[in-house]
Amino acid sequence: MKIIVTGGAGFIGSAVIRHIINNTRDEVINLDKLTYAGNLESLSSIDSHERYRFEQVDICDRNKLDRIFNQYQPDAVMHLAAESHVDRSIDGPAAFIETNIVGTYQLLEASRNYWKDLPETRKAAFRFHHISTDEVYGDLEGPVDLFTETTPYAPSSPYSASKASSDHLVRAWRRTYGLPTLVTNCSNNYGPYHFPEKLIPLVILNALEAKPLPVYGKGNQIRDWLFVEDHARALYKVVTEGKVGETYNIGGHNEKQNIDVVNKICELLDELNPATNLNIKSYKELITFVQDRPGHDLRYAIDASKIKRELGWTPEETFESGIRKTVMWYLANLPWAHRVQDGSYQRERLGTK
Ligand code: NAD
């Protein structure tokens, strides 16, 4: 297959591309605008591969999208490009409306325009896979409830509202035009190459510099954590084996309170990189509670039984194994993280292919 991956220079998109190049014979065309969140250095292990191409494209630019569909003649689109950081959506929602809603609309139209003229067998085999979030469901009140694929949408933040909106567009393009779409909604991802503004890498990197480890409110928000490489495997399974028109929830079966996640990282760092030269006994001494974010959802938890039952996918990592791998990866790859923190990953963009 030839697969267009949008947002392939981001955290999850780069994991998807590394997975496809390393484990399949498929070709990948990575379409990415390279916003602050796009980092081509996350693809350095595969970027000279003959089955990989990069195109710097804004998904809101319909002319460029048409040119790329014509040039590459893809068999599938995996759509991950998005503005993805909830705090940024509260400070400035405009980019979220533009990329997540208008950009998804433009990509759907470019896909439909290309797909409608394909020969019948290729037309039937074409897939548009939209990657979304469990945050579209709002939050859960009881400790035993889980989000299923039929939970009503109730987004709380500008980010989740823009993702919910894009999910609805994708479903409408299926119902109205017959475009062969699939939607997945997943829980919080973590793992290698995660942008340092997100909780887990932020805590690891702040701790190593003896900076405060900020925890919102009391740290009692519950999230389900999914190791990014498990997610990449699930997404490839869905785009190749999923049933057209269906939604699949993807989760890690790892519900944790934020404070427990932060404590766990501190314990691993105490073991793997003791803070002896920082004048503290344990990294836990750096934990600092900060004012909660507005509209903060208390609990997300996902029922991922459908993808297990229908496609045979389950996560390989437990939270314990995945978080250990993640901390070890950051300790071994501090130059990658420092180049993100000091901005040099953007100043010295690698050449395009
Ligand atoms: P990310 O912020 O790390 O990466 C997003 C990528 O999209 C970046 O490379 C960026 O340059 C690119 N991009 C942004 N605007 C663009 C535009 N207009 N045109 C082209 N490219 C553009 O995001 P991520 O964490 O990898 O998330 C990927 C997808 O998965 C998103 O759609 C997100 O909503 C969804 N998701 C993420 C998580 C998570 O825990 N990270 C959880 C659930 C769902």
# chains A, B, ... in the order shown; residues from 1 in each chain; ligands from 1

call {"tool": "residues_around", "arguments": {"residues": "A:Arg62", "least_positions_apart": "4", "cutoff": "7 Å", "atoms": "only C-alpha atoms", "output": "MDAnalysis selection string"}}
result
chainID A and resid 66 106 110

call {"tool": "select_by_dssp", "arguments": {"residues": "stretch 72-268 of chain A", "states": "helix (DSSP H, G or I)", "output": "number ranges by chain"}}
result
A: 72, 86-91, 94-115, 120-125, 134-137, 158-177, 199-208, 228-241, 258-268

call {"tool": "write_last_selection", "arguments": {"atoms": "C-alpha atoms", "output": "short mmCIF file (atom, residue, chain, number, x, y, z; two decimals), in the first residue's frame"}}
result
data_model
loop_
_atom_site.label_atom_id
_atom_site.label_comp_id
_atom_site.auth_asym_id
_atom_site.auth_seq_id
_atom_site.Cartn_x
_atom_site.Cartn_y
_atom_site.Cartn_z
CA TYR A 72 1.30 9.84 -5.21
CA VAL A 86 -5.38 21.25 25.63
CA ASP A 87 -3.67 24.14 27.49
CA ARG A 88 -2.79 25.83 24.19
CA SER A 89 -6.43 25.46 23.05
CA ILE A 90 -7.57 27.38 26.13
CA ASP A 91 -5.05 30.20 25.50
CA ALA A 94 -8.24 29.75 16.65
CA ALA A 95 -5.53 27.39 15.37
CA PHE A 96 -7.56 24.43 16.71
CA ILE A 97 -10.64 25.46 14.75
CA GLU A 98 -8.55 26.06 11.65
CA THR A 99 -6.48 22.86 11.57
CA ASN A 100 -8.72 20.37 13.37
CA ILE A 101 -12.02 21.38 11.74
CA VAL A 102 -11.27 23.28 8.51
CA GLY A 103 -8.14 21.21 7.81
CA THR A 104 -10.04 17.94 8.25
CA TYR A 105 -12.76 19.27 5.93
CA GLN A 106 -10.18 20.16 3.25
CA LEU A 107 -8.50 16.76 3.58
CA LEU A 108 -11.87 14.98 3.31
CA GLU A 109 -12.72 16.94 0.18
CA ALA A 110 -9.32 16.34 -1.42
CA SER A 111 -9.66 12.62 -0.59
CA ARG A 112 -13.19 12.43 -1.96
CA ASN A 113 -12.24 14.26 -5.15
CA TYR A 114 -9.39 11.78 -5.75
CA TRP A 115 -11.31 8.67 -4.58
CA GLU A 120 -13.76 0.30 -8.93
CA THR A 121 -11.40 -2.14 -7.17
CA ARG A 122 -9.09 0.62 -5.92
CA LYS A 123 -12.11 2.72 -4.97
CA ALA A 124 -13.52 -0.08 -2.83
CA ALA A 125 -10.15 -0.72 -1.19
CA ASP A 134 -11.37 9.84 24.03
CA GLU A 135 -11.68 13.48 25.17
CA VAL A 136 -14.65 13.89 22.77
CA TYR A 137 -16.73 11.93 25.30
CA PRO A 158 -11.78 23.91 22.73
CA TYR A 159 -9.39 21.07 21.77
CA SER A 160 -11.87 18.26 22.39
CA ALA A 161 -14.72 20.24 20.81
CA SER A 162 -12.66 20.72 17.65
CA LYS A 163 -11.80 17.00 17.54
CA ALA A 164 -15.47 16.07 18.12
CA SER A 165 -16.41 18.36 15.26
CA SER A 166 -13.89 16.68 12.93
CA ASP A 167 -15.21 13.22 13.91
CA HIS A 168 -18.70 14.33 12.88
CA LEU A 169 -17.43 15.59 9.53
CA VAL A 170 -15.75 12.24 8.85
CA ARG A 171 -18.95 10.33 9.68
CA ALA A 172 -20.98 12.66 7.46
CA TRP A 173 -18.59 12.13 4.51
CA ARG A 174 -19.16 8.38 4.98
CA ARG A 175 -22.96 8.65 5.14
CA THR A 176 -23.39 11.32 2.48
CA TYR A 177 -20.72 10.48 -0.08
CA LEU A 199 2.98 15.67 31.58
CA ILE A 200 5.27 12.61 31.44
CA PRO A 201 8.25 14.09 29.52
CA LEU A 202 7.86 17.39 31.39
CA VAL A 203 8.17 15.62 34.73
CA ILE A 204 11.19 13.56 33.63
CA LEU A 205 13.06 16.54 32.18
CA ASN A 206 12.19 18.98 34.99
CA ALA A 207 13.25 16.41 37.58
CA LEU A 208 16.65 15.95 35.97
CA VAL A 228 2.58 4.98 21.79
CA GLU A 229 4.06 1.92 20.04
CA ASP A 230 1.03 -0.17 21.07
CA HIS A 231 -1.13 2.59 19.60
CA ALA A 232 0.82 2.60 16.32
CA ARG A 233 0.24 -1.18 15.98
CA ALA A 234 -3.47 -0.71 16.67
CA LEU A 235 -3.79 2.06 14.07
CA TYR A 236 -2.13 -0.05 11.38
CA LYS A 237 -4.47 -2.94 12.21
CA VAL A 238 -7.50 -0.66 11.91
CA VAL A 239 -6.48 0.86 8.57
CA THR A 240 -5.70 -2.56 7.07
CA GLU A 241 -8.34 -4.80 8.73
CA ASN A 258 -1.87 11.95 37.64
CA ILE A 259 -0.18 12.11 41.05
CA ASP A 260 0.51 8.35 40.91
CA VAL A 261 2.07 8.76 37.47
CA VAL A 262 4.35 11.53 38.78
CA ASN A 263 5.29 9.50 41.87
CA LYS A 264 6.11 6.49 39.68
CA ILE A 265 8.40 8.55 37.44
CA CYS A 266 10.18 9.91 40.55
CA GLU A 267 10.69 6.36 41.88
CA LEU A 268 12.14 5.20 38.55
#

call {"tool": "closest_residue", "arguments": {"among": "A:Ile3, A:Ala275, A:Ala37, A:Val28", "to": "ligand 1", "atoms": "only C-alpha atoms and all ligand atoms"}}
result
A:Ala37

call {"tool": "residues_around", "arguments": {"residues": "A:Pro335", "least_positions_apart": "6", "cutoff": "12 Å", "atoms": "only C-alpha atoms", "output": "number ranges by chain"}}
result
A: 41-42, 193, 205, 329, 341-345

call {"tool": "residues_around", "arguments": {"residues": "A:Gly191", "least_positions_apart": "5", "cutoff": "8 Å", "atoms": "only C-alpha atoms", "output": "list in words"}}
result
Phe227, Val228, Glu229, Gly322, Ile323, Lys325 and Thr326 of chain A

call {"tool": "select_by_dssp", "arguments": {"residues": "stretch 207-348 of chain A", "states": "strand (DSSP E or B)", "output": "list in words"}}
result
Leu213, Pro214, Val215, Tyr216, Ile222, Arg223, Asp224, Trp225, Leu226, Phe227, Thr247, Tyr248, Asn249, Ile250, Glu255, Lys256, Gln257, Ile287, Thr288, Phe289, Val290, Arg299 and Ile302 of chain A

call {"tool": "closest_residue", "arguments": {"among": "A:Lys64, A:Arg324, A:His49, A:Arg347", "to": "A:Leu272", "atoms": "only C-alpha atoms"}}
result
A:Arg324

call {"tool": "residues_near_ligand", "arguments": {"ligand": "ligand 1", "cutoff": "8 Å", "atoms": "only C-alpha atoms and all ligand atoms", "output": "PyMOL selection string"}}
result
chain A and resi 6-14+31-39+56-60+79-85+98-100+103+130-135+163+185-190+194-195+226

call {"tool": "residues_around", "arguments": {"residues": "A:Glu149", "least_positions_apart": "6", "cutoff": "7 Å", "atoms": "only C-alpha atoms", "output": "PDB file with N, CA and C atoms, in the first residue's frame"}}
result
ATOM      1  N   THR A 247     -16.238   2.748  14.238  1.00  0.00           N
ATOM      2  CA  THR A 247     -15.376   3.449  15.191  1.00  0.00           C
ATOM      3  C   THR A 247     -14.781   2.415  16.134  1.00  0.00           C
ATOM      4  N   TYR A 248     -13.509   2.564  16.451  1.00  0.00           N
ATOM      5  CA  TYR A 248     -12.853   1.678  17.429  1.00  0.00           C
ATOM      6  C   TYR A 248     -12.224   2.518  18.525  1.00  0.00           C
ATOM      7  N   ASN A 249     -12.530   2.195  19.771  1.00  0.00           N
ATOM      8  CA  ASN A 249     -11.830   2.811  20.891  1.00  0.00           C
ATOM      9  C   ASN A 249     -10.530   2.053  21.148  1.00  0.00           C
TER      10      ASN A 249
END

call {"tool": "atom_distance", "arguments": {"atom1": "atom CA of A:Thr288", "atom2": "atom CA of A:Tyr216"}}
result
8.7 Å

call {"tool": "residues_around", "arguments": {"residues": "A:Gly245", "least_positions_apart": "4", "cutoff": "7 Å", "atoms": "only C-alpha atoms", "output": "number ranges by chain"}}
result
A: 174, 180-182

call {"tool": "residues_around", "arguments": {"residues": "A:Tyr52", "least_positions_apart": "3", "cutoff": "10 Å", "atoms": "only C-alpha atoms", "output": "ChimeraX atom specification"}}
result
/A:2-3,17-18,20-21,26-30,46-49,353

call {"tool": "atom_distance", "arguments": {"atom1": "atom CA of A:Met328", "atom2": "atom CA of A:Gln346"}}
result
24.8 Å

call {"tool": "decode", "arguments": {"residues": "stretch 322-349 of chain A", "atoms": "C-alpha atoms", "output": "PDB file, in the first residue's frame"}}
result
ATOM      1  CA  GLY A 322       5.937   1.155  29.382  1.00  0.00           C
ATOM      2  CA  ILE A 323       6.841   3.897  31.849  1.00  0.00           C
ATOM      3  CA  ARG A 324      10.174   2.202  32.621  1.00  0.00           C
ATOM      4  CA  LYS A 325      10.958   2.063  28.869  1.00  0.00           C
ATOM      5  CA  THR A 326       9.948   5.722  28.541  1.00  0.00           C
ATOM      6  CA  VAL A 327      12.134   6.965  31.419  1.00  0.00           C
ATOM      7  CA  MET A 328      15.056   4.909  30.109  1.00  0.00           C
ATOM      8  CA  TRP A 329      14.510   6.319  26.586  1.00  0.00           C
ATOM      9  CA  TYR A 330      14.639   9.924  27.860  1.00  0.00           C
ATOM     10  CA  LEU A 331      17.746   9.225  29.915  1.00  0.00           C
ATOM     11  CA  ALA A 332      19.428   7.786  26.797  1.00  0.00           C
ATOM     12  CA  ASN A 333      18.143  10.516  24.435  1.00  0.00           C
ATOM     13  CA  LEU A 334      18.563  13.755  26.348  1.00  0.00           C
ATOM     14  CA  PRO A 335      20.072  15.546  23.304  1.00  0.00           C
ATOM     15  CA  TRP A 336      16.764  14.987  21.401  1.00  0.00           C
ATOM     16  CA  ALA A 337      14.809  16.543  24.280  1.00  0.00           C
ATOM     17  CA  HIS A 338      17.256  19.421  24.779  1.00  0.00           C
ATOM     18  CA  ARG A 339      17.076  20.317  21.080  1.00  0.00           C
ATOM     19  CA  VAL A 340      13.284  20.591  21.455  1.00  0.00           C
ATOM     20  CA  GLN A 341      13.594  22.637  24.643  1.00  0.00           C
ATOM     21  CA  ASP A 342      16.123  25.123  23.218  1.00  0.00           C
ATOM     22  CA  GLY A 343      14.303  25.389  19.854  1.00  0.00           C
ATOM     23  CA  SER A 344      17.213  24.138  17.727  1.00  0.00           C
ATOM     24  CA  TYR A 345      15.035  21.356  16.260  1.00  0.00           C
ATOM     25  CA  GLN A 346      13.082  24.123  14.495  1.00  0.00           C
ATOM     26  CA  ARG A 347      15.979  26.387  13.562  1.00  0.00           C
ATOM     27  CA  GLU A 348      17.875  23.609  11.815  1.00  0.00           C
ATOM     28  CA  ARG A 349      15.077  21.831   9.974  1.00  0.00           C
TER      29      ARG A 349
END
